[in-house]
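J.: Before I ask anything, let me first share the structure, which is written out below as structure tokens.
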Amino acid sequence: MTAIDKPQAVRAGLGISTQELRGVLICVGIFIVAGLVPLVTDGYVLQLAISIVMYTAFATSWLLFSGPTNYIALSTAAFFGIGMYVTAGGIDLVPYPVLILAAAVAGAAMAAVVGLATLRVSGVYFVIFSLGLAELVRQFMTWGQHVFGTMSGLYVTIDRSEPMFYWQLLVLTAVVYLVGWWIGRSRLGFALRIIGNDEVVAVHCGINTARAKVVLFVISSTFAAIGGAVVAPRWGYVEPVVAFNPFLSFQVVIMALLGGTQRLWGPLLGVIPFVLLWELISIEFPDQTTLLLGVCFLLIVYVIPNGITGLIEDAWRRRGGASASGPGDGGGMVAKSTGPLRNLLRRRKGHDV
Amino acid sequence: MDIVIIGLLLGGTYALMAMGLQLQYGVARIMNLANGEVLIAGAFGAFWFYAGTKASPLLALLFVVPLAFALNWAIYRVLIVPLVRRAKSQGKLEVDSILATFGLSFIFIGIMVAAFGAQYTDYAYLSEPIYIFGERYGLNRVVSFIASTALCIGLYVWLHKTRAGLALRAVSVNPSAAGLVSINVTRTSAFAFALGGAVTAAGGVLLSMYLTFDASYGVVFTLKALIIVILGGVGDIRGTILAAFILGLAETAVASLIDPGLTLAAAYMLFMIVLLVRPEGLFGRRAA
């Protein structure tokens, strides 16, 4: 199995090809440049930058699971809210870094339960379950606060400056990328790509499909929970309706789709234009945001089903780079071809266009 | 005792709403995440009609049902058919239709907020008591139950006694085999999708008679309908009706014994049990 997994390029040292090394170096460079943003600007631009980094972390971690498997997870808000609540509940009791860890554990535990219950059966059941998960947890939270007689909201008061949030989120994003890169190279990532292409084939290859899916879903959801824990102090006040707002799940999916789900760096290309567009929409049409976002969503599904990365790769291929490995393979990140089958499909599609 | 009766009354309306989704998912094979929004649209239709005329909301069915039928027909023709053509496999179609109807649900919410506002809405129709076994119940609940039972029976008879109903059931069992016996599968699917939407909207009209709703509440009904369909078994109307009553009872029990805010938790609990014990549903056929 691993024999096919290895890319065509020569592997050296730790098994990292020169192509991959270049991709990693470019990424490190981008992160360093991104880390300098708070030093040169503040106020409105920094706000936008924080949004972009936060959504990049969420959309990319969403992609880790939903990209290769094609299982649409609509549950980011549920895990985000869990992370927020862990932070809000424990902020007066334990130090903040411990809370982030606790949020990760709580998110992972919930993801494991959900995954074990739904991912053994079929993709549709998983989607349905994830659709209502945020609402379900919200009901439990509201009920719990009602029973224990606490007030409906919780204050999170620790002193953090805006640049600090930015850097924390940037580190989180970097970790997401690192994990994504590692998964893309591992047996687990390879197994997932086979599952995404054809689950029956995957089973016949001897892949424990349920286990692979659950593990990846746990990883992906844990990041959403950590994100919630990181953002909670920035919001200052946490209550169920805000923490478990299903809009977040929706935004994350739409951004990842806009960017393209076949590359690890795809969501980034979706997040940047979308955050800017969202800014514009919420300023110009504050009352029609839901409607307009629905329209955007449909446009993406119908007009650019492969996202911006898909458009770039098509353009690249038309320019003469006819080989199946597009420019994206330079990163060698998430979607290395799963072999001849995928190449064949791609080439067939190229002819249709 | 009143838990049982309220649960049964609720289950009757749920049965209608879930039959709508069953037609869309079981026959047309489109996982429609905008189903709940169609239901809420029906509820708003009834509200608007009642506020304007003070006549019985049941009369709103006369225009809500044809409108919902036309709207869902158009949705299938314009939005779903291109996806069916584009899809390389059933799995790809499922992903695409989930995404498309998910986007659609937000468009519906946006339109309804623009038209009716985002606040909670309800109206008082027949909110007078009726006594069953010495206990008080809202007359509107009972009327809603009777109307929805009548519609369910009508639909059931139509599906099992007419040629068109037979065609629908044939497509539900096996689309490609249905094509072989000269059933126009695309047209039948479009019809089933439209009919499903109309039935769901009718469920919305009936629910609105005693339930408070708002524009963004559709997703909860989508979930409940989906859970009923899965619990009963995809493609099986008997299962759907039985499952609707089970959910109605479970919800009422949780709401009155534990907390009214936990109704969705009751639905999820049933969902979990089904997934763990019998994923194909009560009357479902086990996949080969």
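Chain labels follow the order of the structure tokens: the first chain is A, the next B, and so on; residue numbering restarts at 1 in every chain, and ligands are counted from 1 in their shown order.
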May I have the residues of chain A within 6 Å of chain B, counting only C-alpha atoms, written as a list in words?
T.: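 Within 6 Å of chain B on chain A, we get Leu136, Gln139, Thr290, Leu291, Gly294, Phe297 and Leu298 of chain A.
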J.: Taking 4 positions as the minimum chain separation for residues in the same chain, which residues sit within 12 Å of range 52-69 of chain B when counting only C-alpha atoms? Answer as number ranges by chain.
T.: B: 20, 35, 37-48, 73-76, 123-126, 140, 143-148, 151, 190-210
J.: Using Å and a single decimal, report how far CA of Arg238 in chain B sits from CA of Arg278 in chain B.
T.: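 CA of Arg238 in chain B lies 16.6 Å from CA of Arg278 in chain B.
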J.: Just list the residues in range 26-233 of chain B DSSP gives strand (DSSP E or B) on the backbone, as a PyMOL selection string.
T.: chain B and resi 121+129-132+135-138+213
J.: Quick one: everything within 8 Å of Thr261 in chain A, counting only C-alpha atoms, minus sequence neighbours fewer than 5 positions away in the same chain. Send it as a VMD selection string.
T.: chain A and resid 63 67 to 68 256 266 to 267 306 to 307
J.: I'd like to know which of A:Val242, A:Ala210, A:Glu162, A:Gly132 is closest to Gly43 in chain A, using only C-alpha atoms.
T.: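 When distances to Gly43 in chain A are compared using only C-alpha atoms, the smallest one comes from A:Glu162.
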J.: Can you tell me which residues surround Val84 in chain B at a distance of at most 9 Å, considering only C-alpha atoms, apart from same-chain residues fewer than 3 positions away, and format the answer as a list in words?
T.: Ile80, Val81, Ala87, Lys88, Gln90, Leu93, Asp96 and Ser97 of chain B
J.: Can you spit out the residues from that selection as an mmCIF file, in the first residue's frame, using C-alpha atoms?
T.:
data_model
loop_
_atom_site.group_PDB
_atom_site.id
_atom_site.type_symbol
_atom_site.label_atom_id
_atom_site.label_comp_id
_atom_site.auth_asym_id
_atom_site.auth_seq_id
_atom_site.Cartn_x
_atom_site.Cartn_y
_atom_site.Cartn_z
ATOM 1 C CA ILE B 80 -31.984 19.139 -8.912
ATOM 2 C CA VAL B 81 -32.147 17.855 -12.494
ATOM 3 C CA ALA B 87 -23.522 13.261 -11.013
ATOM 4 C CA LYS B 88 -21.239 10.378 -11.831
ATOM 5 C CA GLN B 90 -25.356 8.132 -6.450
ATOM 6 C CA LEU B 93 -25.467 13.178 -6.291
ATOM 7 C CA ASP B 96 -24.377 17.723 -4.331
ATOM 8 C CA SER B 97 -28.050 17.637 -3.431
#
J.: Expressed in Å to a single decimal, how great is the separation between CA of Gly11 in chain B and CA of Ala244 in chain B?
T.: 5.0 Å
J.: For Gly7 in chain B, please output as an mmCIF file with C-alpha atoms, in the first residue's frame all residues within 10 Å (counting only C-alpha atoms; exclusion window: fewer than 3 positions along the same chain).
T.:
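The resulting file, around-v6.cif, is shown below:
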data_model
loop_
_atom_site.group_PDB
_atom_site.id
_atom_site.type_symbol
_atom_site.label_atom_id
_atom_site.label_comp_id
_atom_site.auth_asym_id
_atom_site.auth_seq_id
_atom_site.Cartn_x
_atom_site.Cartn_y
_atom_site.Cartn_z
ATOM 1 C CA MET B 1 -52.581 9.562 30.192
ATOM 2 C CA ASP B 2 -52.443 13.095 28.859
ATOM 3 C CA ILE B 3 -48.866 12.403 27.751
ATOM 4 C CA VAL B 4 -50.160 9.595 25.572
ATOM 5 C CA LEU B 10 -48.540 15.507 17.864
ATOM 6 C CA GLY B 11 -47.548 12.274 16.114
ATOM 7 C CA GLY B 12 -50.462 12.626 13.706
ATOM 8 C CA ALA B 244 -44.039 9.561 13.731
ATOM 9 C CA PHE B 245 -46.207 8.401 16.630
ATOM 10 C CA ILE B 246 -43.175 7.033 18.471
ATOM 11 C CA LEU B 247 -41.417 10.375 18.118
ATOM 12 C CA GLY B 248 -44.550 12.287 19.129
ATOM 13 C CA LEU B 249 -44.869 10.191 22.275
ATOM 14 C CA ALA B 250 -41.159 10.338 23.124
ATOM 15 C CA GLU B 251 -41.061 14.093 22.708
ATOM 16 C CA THR B 252 -44.153 14.670 24.779
ATOM 17 C CA ALA B 253 -42.839 12.396 27.504
#
J.: So, counting only C-alpha atoms, which residue among A:Leu48, A:Val201, A:Ala109, A:Val28 is closest to Leu280 in chain A?
T.: A:Leu48
J.: Using DSSP assignments from the backbone, pull out every residue in range 171-342 of chain A that falls under alpha helix (DSSP H) and give it to me as an MDAnalysis selection string.
T.: chainID A and resid 171:185 187:197 199:204 209:235 240:243 247:259 266:284 289:303 307:318 340:342
J.: Which residues come within 7 Å of Ala111 in chain A, counting only C-alpha atoms, excluding same-chain residues fewer than 4 positions away, as a PyMOL selection string?
T.: chain A and resi 107+115+217-218+221
J.: If you keep N, CA and C atoms, can you produce a file of those selected residues as a tab-separated table (two decimals), in the first residue's frame?
T.:
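Generated output (again_14.tsv):
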chain	number	residue	atom	x	y	z
A	107	GLY	N	-13.98	18.30	23.08
A	107	GLY	CA	-14.37	18.23	21.67
A	107	GLY	C	-14.09	16.85	21.10
A	115	GLY	N	-19.00	10.13	16.07
A	115	GLY	CA	-18.40	9.35	15.00
A	115	GLY	C	-18.70	7.87	15.13
A	217	PHE	N	-12.40	12.34	11.94
A	217	PHE	CA	-13.44	13.24	12.41
A	217	PHE	C	-13.08	13.81	13.78
A	218	VAL	N	-12.51	12.98	14.62
A	218	VAL	CA	-12.08	13.45	15.94
A	218	VAL	C	-11.02	14.52	15.79
A	221	SER	N	-12.63	17.75	14.42
A	221	SER	CA	-13.52	18.45	15.35
A	221	SER	C	-12.76	19.04	16.53
J.: Please indicate the distance in Å from CA of Leu188 in chain A to CA of Ala202 in chain A, rounded to one decimal place.
T.: 11.9 Å
